[in-house]
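S.K.: I have a structure I would like to understand better, so I am pasting it below and will then ask my questions one at a time.
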Amino acid sequence: MDNNKPIGIFDSGIGGTSIWNAIHHLLPNEKTIYLADSRNAPYGQKSKAEIIALCIKNTDYLLQMDCKLIVVACNTATTNAIKELREKYKIPFIGIEPAIKPAALSSKTKVIGILATQGTLTSDLFNKTAEKFQTIKIIEQVGHGLVQLIEAGDINSPEMDELLHSYLQPMITAGIDYLVLGCSHYPYLIPQIQKILPDHIHIIDSGEAVARQTQNLLKKEVGFTNQIASKNLFYTNTNPKVLKEIVGNKHDVFEKNF
Ligand code: DGL
């Protein structure tokens, strides 16, 4: 089964490029179109209704470009809107959620930490998953301010370091042995996080799992491209400077009004 249409990927901003990286690494021939809705970032403090409306806007834009499936590369958007998206559209959607399960199943201390947005941590989908692990203590922390600093390109700033220390120290004290990154922006903070966490604490993010799910869906339902060269387009609705720095010169980045 062949399908040469592009895969659509969207996030509230540049964070979902961490998911794009994993997808592109696993499926290098697939064409992709990435939407960074940075003008509306962060989604994490918006209401469920606002998040759903933004997801519909992004989906409509990707469908105009004839995408064959859509990856919601944002935990906040997935946990608040994927059900509504799947009900509204015929196209298949893949979402990303905090990887509570692998962390809970591997934890020896039975204490795990989740760093995510307020929108994700208060969502029904997140709380339903968390409830399944009654024997595990889950320390939830909202990453206030982290997405804004990443969007501004201030990843290595003293302010970032200070915020991360204040969010992670209580988790270390509580005895976590797994830290789940529940926001697609946060993988860009792994080097700083590793400096703060003791070596025995593992960091988990969902990028590779989403890429494998994408591969499975292409195999079973949608079809792989039969073309050899991939074409990857990146669209943002704000100044493209930080997105360009992140994706490098190899790919095209455009500023569009969506
Ligand atoms: N990257 C997003 C996530 O995975 C959302 C960050 C935000 O816009 O608040 O949750």
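All residue names refer to the structure tokens as shown: chains lettered A, B, ... in order, residues numbered from 1 in each chain, ligands numbered from 1 in order.
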Show me which residues are within 7 Å of ligand 1 counting only C-alpha atoms and all ligand atoms, and format the list as a PDB file with N, CA, C and O atoms, in the first residue's frame.
M.R.:
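The result, stored in result_0.pdb:
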```pdb
ATOM      1  N   ASP A  11       1.913  21.440  16.923  1.00  0.00           N
ATOM      2  CA  ASP A  11       2.128  21.687  18.357  1.00  0.00           C
ATOM      3  C   ASP A  11       1.802  23.152  18.606  1.00  0.00           C
ATOM      4  O   ASP A  11       1.685  23.945  17.663  1.00  0.00           O
ATOM      5  N   SER A  12       1.695  23.511  19.891  1.00  0.00           N
ATOM      6  CA  SER A  12       1.483  24.914  20.244  1.00  0.00           C
ATOM      7  C   SER A  12       2.693  25.759  19.878  1.00  0.00           C
ATOM      8  O   SER A  12       2.643  26.982  20.010  1.00  0.00           O
ATOM      9  N   GLY A  13       3.778  25.133  19.467  1.00  0.00           N
ATOM     10  CA  GLY A  13       4.971  25.910  19.140  1.00  0.00           C
ATOM     11  C   GLY A  13       6.061  25.012  18.615  1.00  0.00           C
ATOM     12  O   GLY A  13       5.797  24.069  17.860  1.00  0.00           O
ATOM     13  N   GLY A  15       8.062  22.973  20.344  1.00  0.00           N
ATOM     14  CA  GLY A  15       8.369  21.775  21.130  1.00  0.00           C
ATOM     15  C   GLY A  15       8.137  20.475  20.383  1.00  0.00           C
ATOM     16  O   GLY A  15       8.915  19.522  20.506  1.00  0.00           O
ATOM     17  N   GLY A  16       7.089  20.435  19.575  1.00  0.00           N
ATOM     18  CA  GLY A  16       6.744  19.203  18.859  1.00  0.00           C
ATOM     19  C   GLY A  16       7.800  18.792  17.840  1.00  0.00           C
ATOM     20  O   GLY A  16       7.757  17.688  17.301  1.00  0.00           O
ATOM     21  N   ALA A  41       0.902  30.059  21.740  1.00  0.00           N
ATOM     22  CA  ALA A  41       1.563  29.370  22.861  1.00  0.00           C
ATOM     23  C   ALA A  41       1.612  30.301  24.077  1.00  0.00           C
ATOM     24  O   ALA A  41       1.690  31.518  23.905  1.00  0.00           O
ATOM     25  N   PRO A  42       1.561  29.765  25.302  1.00  0.00           N
ATOM     26  CA  PRO A  42       1.390  28.349  25.590  1.00  0.00           C
ATOM     27  C   PRO A  42      -0.078  27.935  25.623  1.00  0.00           C
ATOM     28  O   PRO A  42      -0.941  28.724  25.985  1.00  0.00           O
ATOM     29  N   TYR A  43      -0.332  26.684  25.213  1.00  0.00           N
ATOM     30  CA  TYR A  43      -1.692  26.129  25.312  1.00  0.00           C
ATOM     31  C   TYR A  43      -1.995  25.730  26.771  1.00  0.00           C
ATOM     32  O   TYR A  43      -3.153  25.596  27.152  1.00  0.00           O
ATOM     33  N   GLY A  44      -0.934  25.477  27.527  1.00  0.00           N
ATOM     34  CA  GLY A  44      -1.073  24.852  28.848  1.00  0.00           C
ATOM     35  C   GLY A  44      -1.947  25.577  29.849  1.00  0.00           C
ATOM     36  O   GLY A  44      -2.433  24.976  30.802  1.00  0.00           O
ATOM     37  N   GLN A  45      -2.141  26.894  29.642  1.00  0.00           N
ATOM     38  CA  GLN A  45      -2.984  27.622  30.598  1.00  0.00           C
ATOM     39  C   GLN A  45      -4.344  27.960  30.010  1.00  0.00           C
ATOM     40  O   GLN A  45      -5.122  28.686  30.612  1.00  0.00           O
ATOM     41  N   ALA A  73       1.416  16.680  18.219  1.00  0.00           N
ATOM     42  CA  ALA A  73       2.709  16.546  18.912  1.00  0.00           C
ATOM     43  C   ALA A  73       2.760  17.416  20.164  1.00  0.00           C
ATOM     44  O   ALA A  73       3.738  18.103  20.424  1.00  0.00           O
ATOM     45  N   CYS A  74       1.665  17.367  20.911  1.00  0.00           N
ATOM     46  CA  CYS A  74       1.509  18.243  22.071  1.00  0.00           C
ATOM     47  C   CYS A  74       0.671  17.487  23.097  1.00  0.00           C
ATOM     48  O   CYS A  74      -0.458  17.069  22.803  1.00  0.00           O
ATOM     49  N   ASN A  75       1.215  17.293  24.282  1.00  0.00           N
ATOM     50  CA  ASN A  75       0.482  16.572  25.338  1.00  0.00           C
ATOM     51  C   ASN A  75      -0.778  17.329  25.753  1.00  0.00           C
ATOM     52  O   ASN A  75      -1.823  16.734  26.009  1.00  0.00           O
ATOM     53  N   THR A  76      -0.664  18.654  25.824  1.00  0.00           N
ATOM     54  CA  THR A  76      -1.804  19.469  26.269  1.00  0.00           C
ATOM     55  C   THR A  76      -2.952  19.349  25.262  1.00  0.00           C
ATOM     56  O   THR A  76      -4.121  19.188  25.643  1.00  0.00           O
ATOM     57  N   ALA A  77      -2.615  19.416  23.981  1.00  0.00           N
ATOM     58  CA  ALA A  77      -3.638  19.304  22.940  1.00  0.00           C
ATOM     59  C   ALA A  77      -4.221  17.894  22.908  1.00  0.00           C
ATOM     60  O   ALA A  77      -5.440  17.714  22.808  1.00  0.00           O
ATOM     61  N   ALA A 116       4.744  18.574  33.557  1.00  0.00           N
ATOM     62  CA  ALA A 116       3.845  18.783  32.409  1.00  0.00           C
ATOM     63  C   ALA A 116       3.150  20.130  32.568  1.00  0.00           C
ATOM     64  O   ALA A 116       3.364  20.831  33.565  1.00  0.00           O
ATOM     65  N   THR A 117       2.302  20.477  31.610  1.00  0.00           N
ATOM     66  CA  THR A 117       1.574  21.749  31.720  1.00  0.00           C
ATOM     67  C   THR A 117       0.338  21.555  32.612  1.00  0.00           C
ATOM     68  O   THR A 117      -0.117  20.426  32.841  1.00  0.00           O
ATOM     69  N   THR A 120      -2.439  19.676  30.826  1.00  0.00           N
ATOM     70  CA  THR A 120      -2.285  18.221  30.788  1.00  0.00           C
ATOM     71  C   THR A 120      -2.613  17.612  32.146  1.00  0.00           C
ATOM     72  O   THR A 120      -3.378  16.644  32.239  1.00  0.00           O
ATOM     73  N   VAL A 147       7.797  26.663  28.917  1.00  0.00           N
ATOM     74  CA  VAL A 147       7.475  26.742  27.483  1.00  0.00           C
ATOM     75  C   VAL A 147       7.777  28.148  26.937  1.00  0.00           C
ATOM     76  O   VAL A 147       8.366  28.293  25.861  1.00  0.00           O
ATOM     77  N   GLY A 182       6.307  15.360  30.404  1.00  0.00           N
ATOM     78  CA  GLY A 182       4.944  15.300  29.867  1.00  0.00           C
ATOM     79  C   GLY A 182       4.599  16.480  28.995  1.00  0.00           C
ATOM     80  O   GLY A 182       3.439  16.899  28.938  1.00  0.00           O
ATOM     81  N   CYS A 183       5.581  17.036  28.321  1.00  0.00           N
ATOM     82  CA  CYS A 183       5.344  18.157  27.409  1.00  0.00           C
ATOM     83  C   CYS A 183       6.391  18.047  26.320  1.00  0.00           C
ATOM     84  O   CYS A 183       7.574  17.824  26.606  1.00  0.00           O
ATOM     85  N   SER A 184       5.963  18.190  25.061  1.00  0.00           N
ATOM     86  CA  SER A 184       6.904  17.941  23.959  1.00  0.00           C
ATOM     87  C   SER A 184       7.982  19.014  23.850  1.00  0.00           C
ATOM     88  O   SER A 184       8.954  18.846  23.114  1.00  0.00           O
ATOM     89  N   HIS A 185       7.835  20.122  24.570  1.00  0.00           N
ATOM     90  CA  HIS A 185       8.917  21.120  24.595  1.00  0.00           C
ATOM     91  C   HIS A 185      10.081  20.657  25.486  1.00  0.00           C
ATOM     92  O   HIS A 185      11.220  21.082  25.279  1.00  0.00           O
TER      93      HIS A 185
END
```
S.K.: Could you build a table of the residues in segment 137-247 of chain A lying no more than 12 Å from segment 21-36 of chain A, giving for each the nearest pair of atoms and their separation in Å rounded to one decimal place, using only C-alpha atoms, ordered by chain and ascending residue number, as CSV?
M.R.:
```
residue,atom,partner,partner_atom,distance
A:Glu151,CA,A:Ala36,CA,10.2
A:Ser184,CA,A:Asn21,CA,11.3
A:His185,CA,A:Ala36,CA,11.5
A:Pro187,CA,A:Asn21,CA,11.0
A:Tyr188,CA,A:Asn21,CA,11.6
A:Asp205,CA,A:Ala22,CA,11.0
A:Ser206,CA,A:Ala22,CA,9.5
A:Gly207,CA,A:Ala22,CA,5.8
A:Glu208,CA,A:Ala22,CA,5.5
A:Ala209,CA,A:Ala22,CA,8.7
A:Val210,CA,A:Ile23,CA,7.6
A:Ala211,CA,A:Ile23,CA,4.5
A:Arg212,CA,A:Leu26,CA,7.7
A:Gln213,CA,A:Ile23,CA,9.5
A:Thr214,CA,A:Ile23,CA,7.5
A:Gln215,CA,A:Leu27,CA,7.3
A:Asn216,CA,A:Leu27,CA,11.0
A:Leu218,CA,A:Leu27,CA,10.1
A:Lys219,CA,A:Leu27,CA,11.4
A:Gly223,CA,A:Glu30,CA,10.3
A:Phe224,CA,A:Glu30,CA,7.2
A:Thr225,CA,A:Glu30,CA,6.0
A:Asn226,CA,A:Asn29,CA,8.2
A:Gln227,CA,A:Asn29,CA,6.8
A:Ile228,CA,A:Asn29,CA,5.6
A:Ala229,CA,A:Asn29,CA,5.7
A:Ser230,CA,A:Asn29,CA,4.5
A:Lys231,CA,A:Lys31,CA,4.8
A:Asn232,CA,A:Thr32,CA,4.8
A:Leu233,CA,A:Ile33,CA,4.8
A:Phe234,CA,A:Tyr34,CA,4.7
A:Tyr235,CA,A:Leu35,CA,4.9
A:Thr236,CA,A:Ala36,CA,4.7
A:Asn237,CA,A:Ala36,CA,6.9
A:Thr238,CA,A:Ala36,CA,8.6
A:Asn239,CA,A:Ala36,CA,10.7
A:Pro240,CA,A:Ala36,CA,9.5
A:Val242,CA,A:Ala36,CA,11.0
A:Leu243,CA,A:Ala36,CA,8.3
A:Lys244,CA,A:Ala36,CA,11.5
A:Ile246,CA,A:Asn21,CA,10.4
A:Val247,CA,A:Asn21,CA,9.0
```
S.K.: Filtering to C-alpha atoms, could you give me those residues as a PDB file, in the first residue's frame?
M.R.:
```pdb
ATOM      1  CA  GLU A 151       9.773  29.540  22.662  1.00  0.00           C
ATOM      2  CA  SER A 184       6.904  17.941  23.959  1.00  0.00           C
ATOM      3  CA  HIS A 185       8.917  21.120  24.595  1.00  0.00           C
ATOM      4  CA  PRO A 187      13.140  17.177  25.718  1.00  0.00           C
ATOM      5  CA  TYR A 188      15.080  20.318  24.759  1.00  0.00           C
ATOM      6  CA  ASP A 205       9.788  11.105  27.091  1.00  0.00           C
ATOM      7  CA  SER A 206       7.316   9.798  24.543  1.00  0.00           C
ATOM      8  CA  GLY A 207       8.935  10.810  21.237  1.00  0.00           C
ATOM      9  CA  GLU A 208      10.130   7.377  20.141  1.00  0.00           C
ATOM     10  CA  ALA A 209       6.858   5.721  21.155  1.00  0.00           C
ATOM     11  CA  VAL A 210       4.911   8.210  19.022  1.00  0.00           C
ATOM     12  CA  ALA A 211       7.231   7.541  16.067  1.00  0.00           C
ATOM     13  CA  ARG A 212       6.676   3.776  16.406  1.00  0.00           C
ATOM     14  CA  GLN A 213       2.917   4.290  16.609  1.00  0.00           C
ATOM     15  CA  THR A 214       3.094   6.418  13.450  1.00  0.00           C
ATOM     16  CA  GLN A 215       5.021   3.643  11.704  1.00  0.00           C
ATOM     17  CA  ASN A 216       2.430   1.040  12.764  1.00  0.00           C
ATOM     18  CA  LEU A 218       1.177   3.737   8.198  1.00  0.00           C
ATOM     19  CA  LYS A 219       1.809   0.007   7.891  1.00  0.00           C
ATOM     20  CA  GLY A 223       0.401   3.402   3.641  1.00  0.00           C
ATOM     21  CA  PHE A 224       4.067   4.401   3.379  1.00  0.00           C
ATOM     22  CA  THR A 225       5.359   6.718   0.693  1.00  0.00           C
ATOM     23  CA  ASN A 226       6.996   4.989  -2.281  1.00  0.00           C
ATOM     24  CA  GLN A 227       9.223   7.988  -2.952  1.00  0.00           C
ATOM     25  CA  ILE A 228      12.827   8.080  -1.872  1.00  0.00           C
ATOM     26  CA  ALA A 229      13.533  11.701  -1.027  1.00  0.00           C
ATOM     27  CA  SER A 230      11.575  13.195   1.827  1.00  0.00           C
ATOM     28  CA  LYS A 231      10.391  16.797   1.807  1.00  0.00           C
ATOM     29  CA  ASN A 232       9.928  18.449   5.165  1.00  0.00           C
ATOM     30  CA  LEU A 233       8.164  21.780   5.514  1.00  0.00           C
ATOM     31  CA  PHE A 234       7.921  23.810   8.716  1.00  0.00           C
ATOM     32  CA  TYR A 235       5.356  26.581   9.177  1.00  0.00           C
ATOM     33  CA  THR A 236       5.147  29.030  12.049  1.00  0.00           C
ATOM     34  CA  ASN A 237       2.784  31.949  12.670  1.00  0.00           C
ATOM     35  CA  THR A 238       5.415  34.064  14.488  1.00  0.00           C
ATOM     36  CA  ASN A 239       8.992  35.120  13.807  1.00  0.00           C
ATOM     37  CA  PRO A 240      10.689  31.956  12.475  1.00  0.00           C
ATOM     38  CA  VAL A 242      14.007  30.097  16.914  1.00  0.00           C
ATOM     39  CA  LEU A 243      12.297  27.421  14.786  1.00  0.00           C
ATOM     40  CA  LYS A 244      15.006  27.882  12.132  1.00  0.00           C
ATOM     41  CA  ILE A 246      16.102  24.250  15.943  1.00  0.00           C
ATOM     42  CA  VAL A 247      15.492  22.583  12.564  1.00  0.00           C
TER      43      VAL A 247
END
```
S.K.: Record the distance separating atom CA of Phe93 of chain A and atom CA of Gln148 of chain A, expressed in Å with one decimal.
M.R.: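 Separation of atom CA of Phe93 of chain A and atom CA of Gln148 of chain A: 26.4 Å.
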S.K.: Enter the distance from atom CA of Ile155 of chain A to atom CA of Val142 of chain A, in Å, rounded to one decimal.
M.R.: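 According to the coordinates, atom CA of Ile155 of chain A and atom CA of Val142 of chain A are separated by 17.4 Å.
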S.K.: At a cut-off of 6 Å, using only C-alpha atoms, what residues contact segment 169-177 of chain A? Leave out same-chain residues fewer than 5 positions from it and give the result as a PyMOL selection string.
M.R.: chain A and resi 111-112+201
S.K.: Taking only C-alpha atoms into account, which of A:Gln118, A:Thr17, A:Ser106, A:Asn4 comes nearest Lys48 of chain A?
M.R.: A:Gln118
S.K.: Looking only at the backbone, which of the residues in segment 26-97 of chain A does DSSP tag as alpha helix (DSSP H), as a ChimeraX atom specification?
M.R.: /A:26,48-64,75-88
S.K.: Among segment 147-219 of chain A, which residues does DSSP mark as strand (DSSP E) when it is run on the backbone? Keep the chain and numbering as in the structure and answer as a list of chain:residue names.
M.R.: A:Tyr178, A:Leu179, A:Val180, A:Leu181, A:Gly182, A:His202, A:Ile203, A:Ile204
S.K.: Just the residues within 12 Å of Pro92 of chain A, please, counting only C-alpha atoms, with nothing from its chain fewer than 3 positions along; format it as a ChimeraX atom specification.
M.R.: /A:7-8,59,63,67-72,82-83,85-89,95,213-214,217-218,220-222
S.K.: For the residues selected in the previous step, produce a file with N, CA, C and O atoms as a short mmCIF file (atom, residue, chain, number, x, y, z; two decimals), in the first residue's frame.
M.R.:
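Printed below is selection.cif as written:
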```cif
data_model
loop_
_atom_site.label_atom_id
_atom_site.label_comp_id
_atom_site.auth_asym_id
_atom_site.auth_seq_id
_atom_site.Cartn_x
_atom_site.Cartn_y
_atom_site.Cartn_z
N ILE A 7 2.69 13.59 6.08
CA ILE A 7 2.21 13.45 7.46
C ILE A 7 2.13 14.86 8.04
O ILE A 7 3.09 15.63 7.93
N GLY A 8 1.01 15.22 8.62
CA GLY A 8 0.87 16.54 9.27
C GLY A 8 1.19 16.42 10.75
O GLY A 8 0.81 15.44 11.40
N THR A 59 -5.77 21.60 12.45
CA THR A 59 -6.12 20.43 11.64
C THR A 59 -6.66 20.88 10.28
O THR A 59 -6.26 20.33 9.24
N LEU A 63 -5.16 19.85 6.71
CA LEU A 63 -5.99 19.11 5.74
C LEU A 63 -6.04 19.81 4.39
O LEU A 63 -6.10 19.17 3.35
N CYS A 67 -2.89 16.25 4.04
CA CYS A 67 -2.10 15.31 4.87
C CYS A 67 -2.84 13.98 5.00
O CYS A 67 -4.07 13.93 4.97
N LYS A 68 -2.06 12.90 5.13
CA LYS A 68 -2.69 11.57 5.19
C LYS A 68 -2.99 11.13 6.63
O LYS A 68 -3.82 10.26 6.86
N LEU A 69 -2.28 11.71 7.57
CA LEU A 69 -2.60 11.48 8.98
C LEU A 69 -2.04 12.64 9.77
O LEU A 69 -1.17 13.35 9.27
N ILE A 70 -2.55 12.84 10.98
CA ILE A 70 -2.08 13.99 11.77
C ILE A 70 -1.54 13.52 13.11
O ILE A 70 -2.18 12.74 13.82
N VAL A 71 -0.34 14.00 13.42
CA VAL A 71 0.25 13.73 14.73
C VAL A 71 0.07 14.98 15.58
O VAL A 71 0.55 16.06 15.22
N VAL A 72 -0.65 14.83 16.67
CA VAL A 72 -0.82 15.94 17.61
C VAL A 72 0.39 15.88 18.55
O VAL A 72 0.41 15.10 19.50
N ILE A 82 -8.05 15.30 21.74
CA ILE A 82 -7.94 14.26 20.70
C ILE A 82 -9.27 13.53 20.48
O ILE A 82 -9.61 13.16 19.35
N LYS A 83 -10.03 13.38 21.55
CA LYS A 83 -11.33 12.69 21.42
C LYS A 83 -12.22 13.48 20.45
O LYS A 83 -12.82 12.91 19.52
N LEU A 85 -11.29 15.64 18.18
CA LEU A 85 -10.73 15.63 16.81
C LEU A 85 -11.11 14.32 16.11
O LEU A 85 -11.52 14.32 14.95
N ARG A 86 -10.99 13.23 16.85
CA ARG A 86 -11.31 11.92 16.22
C ARG A 86 -12.79 11.83 15.88
O ARG A 86 -13.17 11.17 14.92
N GLU A 87 -13.63 12.49 16.69
CA GLU A 87 -15.08 12.47 16.39
C GLU A 87 -15.40 13.33 15.17
O GLU A 87 -16.28 13.01 14.39
N LYS A 88 -14.68 14.43 15.02
CA LYS A 88 -15.01 15.41 13.97
C LYS A 88 -14.47 15.04 12.58
O LYS A 88 -15.09 15.35 11.58
N TYR A 89 -13.29 14.41 12.55
CA TYR A 89 -12.63 14.18 11.26
C TYR A 89 -12.50 12.69 10.95
O TYR A 89 -12.38 11.87 11.86
N GLY A 95 -1.71 10.81 19.00
CA GLY A 95 -1.46 11.83 20.02
C GLY A 95 -0.28 11.46 20.89
O GLY A 95 0.31 10.39 20.75
N GLN A 213 4.37 4.34 16.85
CA GLN A 213 2.92 4.29 16.61
C GLN A 213 2.59 4.80 15.20
O GLN A 213 1.73 4.27 14.52
N THR A 214 3.29 5.86 14.80
CA THR A 214 3.09 6.42 13.45
C THR A 214 3.46 5.36 12.41
O THR A 214 2.73 5.13 11.44
N LEU A 217 0.75 2.69 12.24
CA LEU A 217 -0.48 3.15 11.58
C LEU A 217 -0.28 3.24 10.06
O LEU A 217 -1.17 2.87 9.28
N LEU A 218 0.90 3.69 9.64
CA LEU A 218 1.18 3.74 8.20
C LEU A 218 1.14 2.32 7.63
O LEU A 218 0.57 2.09 6.56
N LYS A 220 -0.39 -0.41 8.81
CA LYS A 220 -1.68 -1.12 8.87
C LYS A 220 -2.78 -0.44 8.07
O LYS A 220 -3.63 -1.09 7.48
N GLU A 221 -2.83 0.90 8.10
CA GLU A 221 -4.02 1.57 7.55
C GLU A 221 -3.75 2.57 6.45
O GLU A 221 -4.53 2.70 5.51
N VAL A 222 -2.68 3.35 6.57
CA VAL A 222 -2.56 4.55 5.74
C VAL A 222 -1.65 4.34 4.53
O VAL A 222 -1.93 4.81 3.43
#
```
S.K.: Do a neighbour search on Gly113 of chain A at 9 Å with only C-alpha atoms, toss out local chain neighbours closer than 3 positions, and write the hits as number ranges by chain.
M.R.: A: 103, 137-141, 168, 171-172, 176-181
S.K.: So that I have them on file, write out the residues from the current selection with N, CA, C and O atoms, as a PDB file, in the first residue's frame.
M.R.:
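For reference, out-v7.pdb as written:
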```pdb
ATOM      1  N   ALA A 103       7.046   4.374  33.146  1.00  0.00           N
ATOM      2  CA  ALA A 103       7.743   4.827  34.365  1.00  0.00           C
ATOM      3  C   ALA A 103       7.222   4.053  35.577  1.00  0.00           C
ATOM      4  O   ALA A 103       7.998   3.544  36.391  1.00  0.00           O
ATOM      5  N   LYS A 137       3.308   6.372  43.799  1.00  0.00           N
ATOM      6  CA  LYS A 137       3.103   7.769  44.183  1.00  0.00           C
ATOM      7  C   LYS A 137       3.563   8.636  43.007  1.00  0.00           C
ATOM      8  O   LYS A 137       4.706   8.523  42.567  1.00  0.00           O
ATOM      9  N   ILE A 138       2.638   9.433  42.507  1.00  0.00           N
ATOM     10  CA  ILE A 138       2.975  10.280  41.354  1.00  0.00           C
ATOM     11  C   ILE A 138       3.103  11.727  41.828  1.00  0.00           C
ATOM     12  O   ILE A 138       2.139  12.304  42.342  1.00  0.00           O
ATOM     13  N   ILE A 139       4.288  12.275  41.681  1.00  0.00           N
ATOM     14  CA  ILE A 139       4.492  13.678  42.074  1.00  0.00           C
ATOM     15  C   ILE A 139       4.303  14.527  40.814  1.00  0.00           C
ATOM     16  O   ILE A 139       5.088  14.439  39.876  1.00  0.00           O
ATOM     17  N   GLU A 140       3.235  15.309  40.809  1.00  0.00           N
ATOM     18  CA  GLU A 140       2.946  16.131  39.627  1.00  0.00           C
ATOM     19  C   GLU A 140       3.490  17.542  39.820  1.00  0.00           C
ATOM     20  O   GLU A 140       3.345  18.114  40.894  1.00  0.00           O
ATOM     21  N   GLN A 141       4.087  18.068  38.771  1.00  0.00           N
ATOM     22  CA  GLN A 141       4.595  19.440  38.852  1.00  0.00           C
ATOM     23  C   GLN A 141       4.282  20.171  37.548  1.00  0.00           C
ATOM     24  O   GLN A 141       4.630  19.687  36.461  1.00  0.00           O
ATOM     25  N   LEU A 168      12.391  20.468  40.278  1.00  0.00           N
ATOM     26  CA  LEU A 168      12.927  19.096  40.383  1.00  0.00           C
ATOM     27  C   LEU A 168      13.391  18.741  41.792  1.00  0.00           C
ATOM     28  O   LEU A 168      13.315  17.575  42.200  1.00  0.00           O
ATOM     29  N   MET A 171      11.014  16.784  43.916  1.00  0.00           N
ATOM     30  CA  MET A 171      10.835  15.407  43.420  1.00  0.00           C
ATOM     31  C   MET A 171      12.010  14.531  43.854  1.00  0.00           C
ATOM     32  O   MET A 171      11.826  13.371  44.229  1.00  0.00           O
ATOM     33  N   ILE A 172      13.201  15.095  43.797  1.00  0.00           N
ATOM     34  CA  ILE A 172      14.392  14.331  44.213  1.00  0.00           C
ATOM     35  C   ILE A 172      14.254  13.990  45.694  1.00  0.00           C
ATOM     36  O   ILE A 172      14.450  12.841  46.113  1.00  0.00           O
ATOM     37  N   ILE A 176      11.896  10.121  43.835  1.00  0.00           N
ATOM     38  CA  ILE A 176      11.558   9.584  42.501  1.00  0.00           C
ATOM     39  C   ILE A 176      12.768   8.845  41.908  1.00  0.00           C
ATOM     40  O   ILE A 176      13.918   9.203  42.182  1.00  0.00           O
ATOM     41  N   ASP A 177      12.479   7.803  41.103  1.00  0.00           N
ATOM     42  CA  ASP A 177      13.569   7.208  40.312  1.00  0.00           C
ATOM     43  C   ASP A 177      13.282   7.341  38.810  1.00  0.00           C
ATOM     44  O   ASP A 177      14.114   6.983  37.989  1.00  0.00           O
ATOM     45  N   TYR A 178      12.112   7.859  38.453  1.00  0.00           N
ATOM     46  CA  TYR A 178      11.788   8.161  37.045  1.00  0.00           C
ATOM     47  C   TYR A 178      11.179   9.561  36.975  1.00  0.00           C
ATOM     48  O   TYR A 178      10.320   9.910  37.793  1.00  0.00           O
ATOM     49  N   LEU A 179      11.626  10.325  35.989  1.00  0.00           N
ATOM     50  CA  LEU A 179      11.014  11.619  35.706  1.00  0.00           C
ATOM     51  C   LEU A 179      10.408  11.541  34.312  1.00  0.00           C
ATOM     52  O   LEU A 179      11.108  11.279  33.331  1.00  0.00           O
ATOM     53  N   VAL A 180       9.100  11.753  34.242  1.00  0.00           N
ATOM     54  CA  VAL A 180       8.407  11.719  32.947  1.00  0.00           C
ATOM     55  C   VAL A 180       8.291  13.145  32.418  1.00  0.00           C
ATOM     56  O   VAL A 180       7.757  14.024  33.104  1.00  0.00           O
ATOM     57  N   LEU A 181       8.773  13.357  31.201  1.00  0.00           N
ATOM     58  CA  LEU A 181       8.624  14.672  30.571  1.00  0.00           C
ATOM     59  C   LEU A 181       7.285  14.672  29.836  1.00  0.00           C
ATOM     60  O   LEU A 181       7.144  14.038  28.791  1.00  0.00           O
TER      61      LEU A 181
END
```
S.K.: Tell me, in Å to one decimal, how far atom CA of Leu149 of chain A is from atom CA of Leu125 of chain A.
M.R.: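 Separating atom CA of Leu149 of chain A from atom CA of Leu125 of chain A is a distance of 26.7 Å.
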S.K.: Counting only C-alpha atoms, which of A:Leu62, A:Leu189, A:Ile136, A:Ile203 gets nearest to Ile150 of chain A?
M.R.: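 Among A:Leu62, A:Leu189, A:Ile136, A:Ile203, it is A:Leu189 that comes nearest to Ile150 of chain A.
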S.K.: From the set A:Lys195, A:Lys256, A:Lys128, A:His144, which residue has the shortest atom-to-atom contact distance to Leu115 of chain A, counting only C-alpha atoms?
M.R.: A:His144
S.K.: Considering only C-alpha atoms, can you say which of A:Ile96, A:Thr122, A:Tyr61, A:Trp20 comes closest to Ser47 of chain A?
M.R.: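 So, comparing all the options, the nearest one is A:Thr122.
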S.K.: Find the residues near Asn58 of chain A: any atom within 8 Å, counting only C-alpha atoms, skip ones fewer than 2 places away on the same chain, and give them as number ranges by chain.
M.R.: A: 10, 35, 37, 54-56, 60-62, 258
